[in-house]
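Text of protein-v6.pdb, listed as PDB, C-alpha atoms, pLDDT in the B column:
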```
ATOM      1  CA  SER N  17      34.175  -1.152 -11.499  1.00 34.00           C
ATOM      2  CA  ALA N  18      33.982  -4.873 -10.818  1.00 38.00           C
ATOM      3  CA  GLN N  19      30.265  -4.720 -10.041  1.00 41.00           C
ATOM      4  CA  ALA N  20      27.891  -3.846 -12.860  1.00 43.00           C
ATOM      5  CA  ARG N  21      25.332  -1.247 -11.941  1.00 41.00           C
ATOM      6  CA  PRO N  22      23.170   0.927 -14.101  1.00 41.00           C
ATOM      7  CA  PRO N  23      24.303   4.541 -14.218  1.00 40.00           C
ATOM      8  CA  PRO N  24      22.582   6.726 -11.594  1.00 41.00           C
ATOM      9  CA  GLU N  25      20.668   9.058 -13.922  1.00 49.00           C
ATOM     10  CA  ASN N  26      16.944   8.302 -13.640  1.00 57.00           C
ATOM     11  CA  CYS N  27      17.706   5.226 -11.524  1.00 78.00           C
ATOM     12  CA  ALA N  28      18.406   6.736  -8.084  1.00 85.00           C
ATOM     13  CA  MET N  29      16.056   4.417  -6.172  1.00 89.00           C
ATOM     14  CA  LEU N  30      17.397   1.381  -7.998  1.00 89.00           C
ATOM     15  CA  GLU N  31      20.970   2.459  -7.241  1.00 87.00           C
ATOM     16  CA  ALA N  32      20.099   2.771  -3.547  1.00 88.00           C
ATOM     17  CA  LEU N  33      18.481  -0.678  -3.514  1.00 91.00           C
ATOM     18  CA  LEU N  34      21.437  -2.276  -5.298  1.00 89.00           C
ATOM     19  CA  GLY N  35      23.749  -0.733  -2.721  1.00 88.00           C
ATOM     20  CA  ALA N  36      21.609  -1.924   0.183  1.00 89.00           C
ATOM     21  CA  ALA N  37      21.273  -5.440  -1.243  1.00 91.00           C
ATOM     22  CA  GLY N  38      25.037  -5.864  -1.643  1.00 86.00           C
ATOM     23  CA  PRO N  39      26.049  -9.299  -2.972  1.00 85.00           C
ATOM     24  CA  GLY N  40      22.383 -10.368  -2.971  1.00 77.00           C
ATOM     25  CA  ALA N  41      21.868  -8.268  -6.094  1.00 84.00           C
ATOM     26  CA  SER N  42      24.656  -9.811  -8.155  1.00 82.00           C
ATOM     27  CA  SER N  43      22.415 -11.858 -10.466  1.00 87.00           C
ATOM     28  CA  GLY N  44      20.384 -10.534 -13.364  1.00 90.00           C
ATOM     29  CA  PRO N  45      17.087 -11.800 -11.913  1.00 94.00           C
ATOM     30  CA  ALA N  46      17.822 -10.115  -8.561  1.00 94.00           C
ATOM     31  CA  ARG N  47      18.622  -6.821 -10.282  1.00 93.00           C
ATOM     32  CA  ALA N  48      15.430  -7.020 -12.351  1.00 94.00           C
ATOM     33  CA  ALA N  49      13.375  -7.838  -9.225  1.00 95.00           C
ATOM     34  CA  LEU N  50      14.922  -4.857  -7.430  1.00 95.00           C
ATOM     35  CA  ALA N  51      14.152  -2.635 -10.419  1.00 94.00           C
ATOM     36  CA  ALA N  52      10.498  -3.731 -10.211  1.00 95.00           C
ATOM     37  CA  HIS N  53      10.542  -3.041  -6.459  1.00 95.00           C
ATOM     38  CA  ALA N  54      12.052   0.413  -7.123  1.00 94.00           C
ATOM     39  CA  ALA N  55       9.179   1.198  -9.504  1.00 94.00           C
ATOM     40  CA  MET N  56       6.680   0.312  -6.778  1.00 95.00           C
ATOM     41  CA  LEU N  57       8.480   2.487  -4.220  1.00 94.00           C
ATOM     42  CA  GLU N  58       8.622   5.376  -6.684  1.00 92.00           C
ATOM     43  CA  HIS N  59       4.807   5.157  -6.936  1.00 93.00           C
ATOM     44  CA  GLY N  60       4.332   5.575  -3.206  1.00 92.00           C
ATOM     45  CA  PHE N  61       4.101   1.937  -2.142  1.00 94.00           C
ATOM     46  CA  VAL N  62       5.661   1.386   1.279  1.00 94.00           C
ATOM     47  CA  ALA N  63       7.556  -1.841   1.921  1.00 94.00           C
ATOM     48  CA  VAL N  64       6.350  -3.914   4.871  1.00 93.00           C
ATOM     49  CA  GLN N  65       7.772  -7.057   6.445  1.00 87.00           C
ATOM     50  CA  ASN N  66       4.787  -9.179   5.414  1.00 80.00           C
ATOM     51  CA  GLU N  67       1.088  -8.969   4.700  1.00 79.00           C
ATOM     52  CA  ALA N  68       0.089 -10.514   8.027  1.00 79.00           C
ATOM     53  CA  SER N  69       1.687  -7.600   9.870  1.00 78.00           C
ATOM     54  CA  PRO N  70       1.548  -4.693   7.396  1.00 86.00           C
ATOM     55  CA  THR N  71       3.636  -2.267   9.384  1.00 85.00           C
ATOM     56  CA  PRO N  72       6.605  -0.468   7.823  1.00 89.00           C
ATOM     57  CA  LEU N  73       9.959  -1.028   9.482  1.00 86.00           C
ATOM     58  CA  VAL N  74      10.889   2.386  10.857  1.00 87.00           C
ATOM     59  CA  THR N  75      13.824   3.292  13.094  1.00 87.00           C
ATOM     60  CA  GLY N  76      14.485   6.577  14.811  1.00 87.00           C
ATOM     61  CA  GLY N  77      17.717   8.143  15.896  1.00 82.00           C
ATOM     62  CA  GLY N  78      18.510  10.355  18.847  1.00 81.00           C
ATOM     63  CA  ASP N  79      19.102  13.255  16.471  1.00 86.00           C
ATOM     64  CA  GLY N  80      15.489  13.239  15.283  1.00 86.00           C
ATOM     65  CA  ALA N  81      16.230  11.316  12.092  1.00 89.00           C
ATOM     66  CA  VAL N  82      13.781   8.632  11.044  1.00 88.00           C
ATOM     67  CA  ALA N  83      14.663   5.857   8.597  1.00 88.00           C
ATOM     68  CA  LEU N  84      12.148   3.810   6.633  1.00 89.00           C
ATOM     69  CA  CYS N  85      13.364   0.355   5.580  1.00 90.00           C
ATOM     70  CA  VAL N  86      12.707  -0.105   1.856  1.00 91.00           C
ATOM     71  CA  LEU N  87      14.413  -3.491   1.457  1.00 93.00           C
ATOM     72  CA  VAL N  88      13.043  -5.768   4.153  1.00 90.00           C
ATOM     73  CA  PRO N  89      14.807  -8.970   5.206  1.00 89.00           C
ATOM     74  CA  GLY N  90      13.732 -12.054   3.287  1.00 89.00           C
ATOM     75  CA  TRP N  91      13.112 -10.319  -0.055  1.00 94.00           C
ATOM     76  CA  GLN N  92      15.121 -13.073  -1.786  1.00 93.00           C
ATOM     77  CA  ASP N  93      14.839 -16.734  -0.851  1.00 90.00           C
ATOM     78  CA  ALA N  94      17.467 -19.430  -1.253  1.00 84.00           C
ATOM     79  CA  SER N  95      15.900 -20.771  -4.454  1.00 86.00           C
ATOM     80  CA  GLY N  96      16.114 -17.405  -6.224  1.00 83.00           C
ATOM     81  CA  ASN N  97      12.521 -16.254  -5.839  1.00 93.00           C
ATOM     82  CA  PHE N  98      11.765 -12.676  -4.829  1.00 96.00           C
ATOM     83  CA  ALA N  99       8.869 -11.389  -2.726  1.00 96.00           C
ATOM     84  CA  PHE N 100       7.874  -7.897  -1.641  1.00 96.00           C
ATOM     85  CA  SER N 101       4.867  -6.766   0.396  1.00 95.00           C
ATOM     86  CA  TYR N 102       3.492  -3.239   0.512  1.00 95.00           C
ATOM     87  CA  ILE N 103       0.889  -0.884   1.820  1.00 93.00           C
ATOM     88  CA  HIS N 104      -0.006   2.395   0.147  1.00 94.00           C
ATOM     89  CA  PRO N 105      -0.957   5.664   1.899  1.00 91.00           C
ATOM     90  CA  LEU N 106      -4.029   5.992  -0.355  1.00 90.00           C
ATOM     91  CA  ARG N 107      -5.336   2.636   0.898  1.00 89.00           C
ATOM     92  CA  GLY N 108      -4.114   2.361   4.498  1.00 83.00           C
ATOM     93  CA  ALA N 109      -3.071  -0.875   6.186  1.00 82.00           C
ATOM     94  CA  ALA N 110      -6.420  -2.578   5.491  1.00 87.00           C
ATOM     95  CA  GLU N 111      -5.333  -3.312   1.910  1.00 93.00           C
ATOM     96  CA  THR N 112      -1.946  -4.858   1.264  1.00 94.00           C
ATOM     97  CA  PHE N 113      -0.164  -5.558  -1.993  1.00 96.00           C
ATOM     98  CA  SER N 114       2.130  -8.418  -3.000  1.00 96.00           C
ATOM     99  CA  LEU N 115       4.749  -8.516  -5.713  1.00 97.00           C
ATOM    100  CA  LYS N 116       6.476 -11.810  -6.432  1.00 97.00           C
ATOM    101  CA  ALA N 117       9.097 -12.459  -9.080  1.00 97.00           C
ATOM    102  CA  LEU N 118      10.727 -15.597 -10.382  1.00 95.00           C
ATOM    103  CA  GLN N 119      12.977 -16.523 -13.240  1.00 94.00           C
ATOM    104  CA  VAL N 120      11.347 -18.545 -15.997  1.00 92.00           C
ATOM    105  CA  GLY N 121      13.888 -19.435 -18.658  1.00 92.00           C
ATOM    106  CA  ASP N 122      15.572 -16.240 -19.819  1.00 93.00           C
ATOM    107  CA  SER N 123      12.826 -13.990 -18.396  1.00 94.00           C
ATOM    108  CA  LEU N 124      11.744 -12.663 -15.040  1.00 95.00           C
ATOM    109  CA  ALA N 125       8.008 -13.043 -14.436  1.00 96.00           C
ATOM    110  CA  VAL N 126       6.554 -10.543 -11.983  1.00 97.00           C
ATOM    111  CA  HIS N 127       3.137 -11.168 -10.457  1.00 97.00           C
ATOM    112  CA  ALA N 128       1.311  -8.653  -8.290  1.00 97.00           C
ATOM    113  CA  ALA N 129      -2.062  -8.418  -6.585  1.00 96.00           C
ATOM    114  CA  SER N 130      -4.020  -6.524  -3.985  1.00 95.00           C
ATOM    115  CA  SER N 131      -5.504  -8.169  -0.899  1.00 94.00           C
ATOM    116  CA  ALA N 132      -8.885  -6.641  -1.816  1.00 92.00           C
ATOM    117  CA  ALA N 133     -11.584  -9.194  -2.572  1.00 90.00           C
ATOM    118  CA  GLY N 134     -11.825 -10.002  -6.270  1.00 89.00           C
ATOM    119  CA  SER N 135      -8.572  -8.295  -7.170  1.00 91.00           C
ATOM    120  CA  GLU N 136      -6.922  -9.186 -10.442  1.00 93.00           C
ATOM    121  CA  LEU N 137      -3.552 -10.945 -10.673  1.00 96.00           C
ATOM    122  CA  LEU N 138      -1.295  -8.666 -12.699  1.00 96.00           C
ATOM    123  CA  THR N 139       1.670 -10.110 -14.588  1.00 96.00           C
ATOM    124  CA  VAL N 140       4.538  -8.515 -16.473  1.00 96.00           C
ATOM    125  CA  THR N 141       7.700 -10.126 -17.832  1.00 96.00           C
ATOM    126  CA  HIS N 142      11.197  -8.894 -18.525  1.00 95.00           C
ATOM    127  CA  ARG N 143      13.713 -10.611 -20.783  1.00 93.00           C
ATOM    128  CA  LEU N 144      17.001 -11.009 -18.976  1.00 90.00           C
ATOM    129  CA  ASP N 145      19.973 -10.243 -21.182  1.00 78.00           C
ATOM    130  CA  ASP N 146      23.702 -10.402 -20.570  1.00 52.00           C
ATOM    131  CA  ALA N 147      24.197  -6.625 -20.651  1.00 43.00           C
ATOM    132  CA  ALA N 148      21.661  -5.964 -17.896  1.00 47.00           C
ATOM    133  CA  ALA N 149      22.319  -9.176 -15.961  1.00 45.00           C
ATOM    134  CA  GLY N 150      25.995  -8.911 -15.227  1.00 46.00           C
ATOM    135  CA  GLY N 151      29.418  -7.768 -16.341  1.00 39.00           C
ATOM    136  CA  GLU N 152      30.031  -4.104 -17.039  1.00 37.00           C
ATOM    137  CA  ALA N 153      26.953  -2.007 -17.665  1.00 40.00           C
ATOM    138  CA  ALA N 154      26.327  -1.484 -21.352  1.00 37.00           C
ATOM    139  CA  ALA N 155      26.037   2.035 -22.736  1.00 38.00           C
ATOM    140  CA  GLY N 156      22.235   1.682 -22.904  1.00 48.00           C
ATOM    141  CA  GLY N 157      21.994  -0.037 -19.504  1.00 70.00           C
ATOM    142  CA  ALA N 158      20.302   2.842 -17.684  1.00 78.00           C
ATOM    143  CA  ALA N 159      17.731   3.152 -20.469  1.00 83.00           C
ATOM    144  CA  GLN N 160      16.988  -0.598 -20.268  1.00 85.00           C
ATOM    145  CA  TRP N 161      16.435  -0.414 -16.509  1.00 87.00           C
ATOM    146  CA  ARG N 162      14.267   2.710 -16.830  1.00 89.00           C
ATOM    147  CA  ASP N 163      12.199   1.030 -19.588  1.00 92.00           C
ATOM    148  CA  TRP N 164      11.667  -2.026 -17.338  1.00 93.00           C
ATOM    149  CA  GLN N 165      10.675   0.189 -14.401  1.00 93.00           C
ATOM    150  CA  ASP N 166       8.261   2.113 -16.640  1.00 93.00           C
ATOM    151  CA  LYS N 167       6.739  -1.204 -17.774  1.00 95.00           C
ATOM    152  CA  VAL N 168       6.259  -2.315 -14.145  1.00 95.00           C
ATOM    153  CA  ALA N 169       4.812   1.079 -13.258  1.00 93.00           C
ATOM    154  CA  ALA N 170       2.238   0.976 -16.072  1.00 94.00           C
ATOM    155  CA  SER N 171       1.401  -2.741 -15.846  1.00 94.00           C
ATOM    156  CA  VAL N 172       1.395  -3.116 -12.071  1.00 95.00           C
ATOM    157  CA  ALA N 173       1.739  -0.041  -9.829  1.00 94.00           C
ATOM    158  CA  VAL N 174      -0.725   2.242 -11.601  1.00 94.00           C
ATOM    159  CA  ARG N 175      -3.219  -0.575 -12.177  1.00 94.00           C
ATOM    160  CA  LEU N 176      -3.128  -1.608  -8.517  1.00 93.00           C
ATOM    161  CA  LEU N 177      -3.923   1.941  -7.478  1.00 90.00           C
ATOM    162  CA  ALA N 178      -6.564   2.516 -10.171  1.00 85.00           C
ATOM    163  CA  ARG N 179      -8.715  -0.305  -8.834  1.00 62.00           C
ATOM    164  CA  GLN N 180     -11.408   1.122  -6.597  1.00 50.00           C
ATOM    165  CA  ASN N 181      -9.800   4.549  -6.836  1.00 47.00           C
ATOM    166  CA  SER N 182     -12.570   7.136  -6.626  1.00 44.00           C
ATOM    167  CA  THR N 183     -10.211   9.822  -7.942  1.00 46.00           C
ATOM    168  CA  ALA N 184      -9.509   7.738 -11.048  1.00 45.00           C
ATOM    169  CA  ARG N 185     -13.233   7.111 -11.514  1.00 45.00           C
ATOM    170  CA  LEU N 186     -13.988  10.810 -11.115  1.00 48.00           C
ATOM    171  CA  GLY N 187     -11.278  11.619 -13.674  1.00 49.00           C
ATOM    172  CA  ARG N 188     -12.810   9.201 -16.179  1.00 52.00           C
ATOM    173  CA  ALA N 189     -16.266  10.667 -15.546  1.00 52.00           C
ATOM    174  CA  LEU N 190     -15.011  14.202 -16.086  1.00 53.00           C
ATOM    175  CA  ASP N 191     -13.241  13.197 -19.292  1.00 60.00           C
ATOM    176  CA  ALA N 192     -16.355  11.512 -20.717  1.00 59.00           C
ATOM    177  CA  PRO N 193     -18.229  13.411 -23.410  1.00 63.00           C
ATOM    178  CA  VAL N 194     -21.286  15.231 -22.153  1.00 56.00           C
ATOM    179  CA  ALA N 195     -24.568  14.267 -23.801  1.00 56.00           C
ATOM    180  CA  PRO N 196     -26.981  17.088 -24.578  1.00 57.00           C
ATOM    181  CA  ALA N 197     -29.762  17.479 -22.033  1.00 52.00           C
ATOM    182  CA  PRO N 198     -33.319  16.620 -23.117  1.00 56.00           C
ATOM    183  CA  GLY N 199     -34.998  19.500 -24.894  1.00 57.00           C
ATOM    184  CA  GLY N 200     -31.714  20.844 -26.259  1.00 55.00           C
ATOM    185  CA  ALA N 201     -30.683  22.608 -23.057  1.00 51.00           C
ATOM    186  CA  SER N 202     -27.018  22.709 -22.179  1.00 46.00           C
ATOM    187  CA  ALA N 203     -25.824  19.930 -19.848  1.00 48.00           C
ATOM    188  CA  THR N 204     -23.107  22.145 -18.426  1.00 47.00           C
ATOM    189  CA  PRO N 205     -23.820  24.769 -15.787  1.00 45.00           C
ATOM    190  CA  PRO N 206     -23.800  28.427 -16.943  1.00 46.00           C
TER     191      PRO N 206
END
```
Since I need it in another form, could you write the structure as structure tokens?
Amino acid sequence: SAQARPPPENCAMLEALLGAAGPGASSGPARAALAAHAAMLEHGFVAVQNEASPTPLVTGGGDGAVALCVLVPGWQDASGNFAFSYIHPLRGAAETFSLKALQVGDSLAVHAASSAAGSELLTVTHRLDDAAAGGEAAAGGAAQWRDWQDKVAASVAVRLLARQNSTARLGRALDAPVAPAPGGASATPP
């Protein structure tokens, strides 16, 4: 085909976003930004128009169908910067999340943060190469996109959710070694 797209295996969300973005996803940086956005969506983040009004764009049809907008207008500005805002069902609308991406040389720098007080700015970069950026998809193209999405997931999505996550804290506590109780008694219940 004339448009390069990663093969659909393991990249279904990215394929859907590339289709929805149309010509807006023709550059390598746009494709990499959409791949990062796909990783966030795959981890349960819900796209919202902006952080000031963190409400998902939802439309309903007369047949009972409901559609959730996952690529909100304004995701790409005229200067080639990319911005996405989210909420997450585990946090509610009180906490929003931002992901911004921009090209720096031959890389795409992705920055993300939570609106929670004292939250850390998370950064991950992706080297843009000719095979992933344009032309026909290379044989390893799908693997490259999946690797980038996995990197965003580990460096951004999971870390955003781990912060102040009582389930994550409980998991760490349960995985911690148990010290023997004073007097040699067992620290675990019978």
- Taking the file above as input, evaluate the PyMOL selection byres ((chain N and resi 51-66) around 7) and report the hits as a ChimeraX atom specification. /N:29-30,47-50,67-73,86,88,101-104,161,165,168-169,173
Output the selection as an mmCIF file, keeping the file's coordinate frame - C-alpha atoms for each residue.
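Full text of selection.cif as output:
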```
data_model
loop_
_atom_site.group_PDB
_atom_site.id
_atom_site.type_symbol
_atom_site.label_atom_id
_atom_site.label_comp_id
_atom_site.auth_asym_id
_atom_site.auth_seq_id
_atom_site.Cartn_x
_atom_site.Cartn_y
_atom_site.Cartn_z
ATOM 1 C CA MET N 29 16.056 4.417 -6.172
ATOM 2 C CA LEU N 30 17.397 1.381 -7.998
ATOM 3 C CA ARG N 47 18.622 -6.821 -10.282
ATOM 4 C CA ALA N 48 15.430 -7.020 -12.351
ATOM 5 C CA ALA N 49 13.375 -7.838 -9.225
ATOM 6 C CA LEU N 50 14.922 -4.857 -7.430
ATOM 7 C CA GLU N 67 1.088 -8.969 4.700
ATOM 8 C CA ALA N 68 0.089 -10.514 8.027
ATOM 9 C CA SER N 69 1.687 -7.600 9.870
ATOM 10 C CA PRO N 70 1.548 -4.693 7.396
ATOM 11 C CA THR N 71 3.636 -2.267 9.384
ATOM 12 C CA PRO N 72 6.605 -0.468 7.823
ATOM 13 C CA LEU N 73 9.959 -1.028 9.482
ATOM 14 C CA VAL N 86 12.707 -0.105 1.856
ATOM 15 C CA VAL N 88 13.043 -5.768 4.153
ATOM 16 C CA SER N 101 4.867 -6.766 0.396
ATOM 17 C CA TYR N 102 3.492 -3.239 0.512
ATOM 18 C CA ILE N 103 0.889 -0.884 1.820
ATOM 19 C CA HIS N 104 -0.006 2.395 0.147
ATOM 20 C CA TRP N 161 16.435 -0.414 -16.509
ATOM 21 C CA GLN N 165 10.675 0.189 -14.401
ATOM 22 C CA VAL N 168 6.259 -2.315 -14.145
ATOM 23 C CA ALA N 169 4.812 1.079 -13.258
ATOM 24 C CA ALA N 173 1.739 -0.041 -9.829
#
```
- Counting only C-alpha atoms, the option among N:Asp166, N:Leu176, N:Ala37, N:Ala32 closest to Leu106 in chain N: N:Leu176
- Which of these residues is nearest to Glu111 in chain N, using only C-alpha atoms: N:Val126, N:Leu34, N:Leu177, N:Ala83?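 The answer is N:Leu177, which sits nearest to Glu111 in chain N.
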- Query: Which residue gives the smallest distance to Lys167 in chain N among N:Ala94, N:Val74, N:Val140, N:Ala128, with only C-alpha atoms counted?
  - Reply: N:Val140
- Nearest-residue call for Ser42 in chain N, choices N:Ala178, N:Ala158, N:Val172, N:Gly96, using all atoms listed in the file: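 For Ser42 in chain N, the nearest of the given residues is N:Gly96.
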Generate the missing atoms of range 32-47 of chain N up to N, CA, C and O atoms and report them as a PDB file, in the coordinates of the input.
```
ATOM      1  N   ALA N  32      20.129   2.906  -5.007  1.00 88.00           N
ATOM      2  CA  ALA N  32      20.099   2.771  -3.547  1.00 88.00           C
ATOM      3  C   ALA N  32      19.776   1.334  -3.142  1.00 88.00           C
ATOM      4  O   ALA N  32      20.396   0.787  -2.221  1.00 88.00           O
ATOM      5  N   LEU N  33      18.835   0.708  -3.832  1.00 91.00           N
ATOM      6  CA  LEU N  33      18.481  -0.678  -3.514  1.00 91.00           C
ATOM      7  C   LEU N  33      19.625  -1.630  -3.821  1.00 91.00           C
ATOM      8  O   LEU N  33      19.901  -2.548  -3.053  1.00 91.00           O
ATOM      9  N   LEU N  34      20.294  -1.425  -4.958  1.00 89.00           N
ATOM     10  CA  LEU N  34      21.437  -2.276  -5.298  1.00 89.00           C
ATOM     11  C   LEU N  34      22.534  -2.153  -4.248  1.00 89.00           C
ATOM     12  O   LEU N  34      23.156  -3.144  -3.869  1.00 89.00           O
ATOM     13  N   GLY N  35      22.754  -0.937  -3.767  1.00 88.00           N
ATOM     14  CA  GLY N  35      23.749  -0.733  -2.721  1.00 88.00           C
ATOM     15  C   GLY N  35      23.357  -1.406  -1.424  1.00 88.00           C
ATOM     16  O   GLY N  35      24.176  -2.035  -0.748  1.00 88.00           O
ATOM     17  N   ALA N  36      22.087  -1.316  -1.052  1.00 89.00           N
ATOM     18  CA  ALA N  36      21.609  -1.924   0.183  1.00 89.00           C
ATOM     19  C   ALA N  36      21.613  -3.447   0.106  1.00 89.00           C
ATOM     20  O   ALA N  36      21.872  -4.126   1.103  1.00 89.00           O
ATOM     21  N   ALA N  37      21.341  -3.995  -1.081  1.00 91.00           N
ATOM     22  CA  ALA N  37      21.273  -5.440  -1.243  1.00 91.00           C
ATOM     23  C   ALA N  37      22.647  -6.091  -1.245  1.00 91.00           C
ATOM     24  O   ALA N  37      22.786  -7.263  -0.914  1.00 91.00           O
ATOM     25  N   GLY N  38      23.679  -5.326  -1.618  1.00 86.00           N
ATOM     26  CA  GLY N  38      25.037  -5.864  -1.643  1.00 86.00           C
ATOM     27  C   GLY N  38      25.149  -7.054  -2.574  1.00 86.00           C
ATOM     28  O   GLY N  38      24.605  -7.054  -3.674  1.00 86.00           O
ATOM     29  N   PRO N  39      25.845  -8.128  -2.119  1.00 85.00           N
ATOM     30  CA  PRO N  39      26.049  -9.299  -2.972  1.00 85.00           C
ATOM     31  C   PRO N  39      24.750  -9.996  -3.363  1.00 85.00           C
ATOM     32  O   PRO N  39      24.705 -10.739  -4.331  1.00 85.00           O
ATOM     33  N   GLY N  40      23.663  -9.756  -2.636  1.00 77.00           N
ATOM     34  CA  GLY N  40      22.383 -10.368  -2.971  1.00 77.00           C
ATOM     35  C   GLY N  40      21.821  -9.901  -4.292  1.00 77.00           C
ATOM     36  O   GLY N  40      20.903 -10.508  -4.825  1.00 77.00           O
ATOM     37  N   ALA N  41      22.361  -8.810  -4.832  1.00 84.00           N
ATOM     38  CA  ALA N  41      21.868  -8.268  -6.094  1.00 84.00           C
ATOM     39  C   ALA N  41      22.829  -8.527  -7.239  1.00 84.00           C
ATOM     40  O   ALA N  41      22.828  -7.818  -8.230  1.00 84.00           O
ATOM     41  N   SER N  42      23.644  -9.570  -7.132  1.00 82.00           N
ATOM     42  CA  SER N  42      24.656  -9.811  -8.155  1.00 82.00           C
ATOM     43  C   SER N  42      24.097 -10.505  -9.389  1.00 82.00           C
ATOM     44  O   SER N  42      24.691 -10.429 -10.459  1.00 82.00           O
ATOM     45  N   SER N  43      22.956 -11.157  -9.295  1.00 87.00           N
ATOM     46  CA  SER N  43      22.415 -11.858 -10.466  1.00 87.00           C
ATOM     47  C   SER N  43      21.468 -10.954 -11.250  1.00 87.00           C
ATOM     48  O   SER N  43      20.890 -10.011 -10.714  1.00 87.00           O
ATOM     49  N   GLY N  44      21.312 -11.281 -12.519  1.00 90.00           N
ATOM     50  CA  GLY N  44      20.384 -10.534 -13.364  1.00 90.00           C
ATOM     51  C   GLY N  44      18.955 -10.572 -12.850  1.00 90.00           C
ATOM     52  O   GLY N  44      18.279  -9.543 -12.797  1.00 90.00           O
ATOM     53  N   PRO N  45      18.450 -11.766 -12.444  1.00 94.00           N
ATOM     54  CA  PRO N  45      17.087 -11.800 -11.913  1.00 94.00           C
ATOM     55  C   PRO N  45      16.922 -10.941 -10.650  1.00 94.00           C
ATOM     56  O   PRO N  45      15.905 -10.267 -10.493  1.00 94.00           O
ATOM     57  N   ALA N  46      17.914 -10.935  -9.778  1.00 94.00           N
ATOM     58  CA  ALA N  46      17.822 -10.115  -8.561  1.00 94.00           C
ATOM     59  C   ALA N  46      17.786  -8.637  -8.911  1.00 94.00           C
ATOM     60  O   ALA N  46      17.007  -7.866  -8.343  1.00 94.00           O
ATOM     61  N   ARG N  47      18.609  -8.227  -9.857  1.00 93.00           N
ATOM     62  CA  ARG N  47      18.622  -6.821 -10.282  1.00 93.00           C
ATOM     63  C   ARG N  47      17.278  -6.427 -10.902  1.00 93.00           C
ATOM     64  O   ARG N  47      16.757  -5.353 -10.645  1.00 93.00           O
TER      65      ARG N  47
END
```
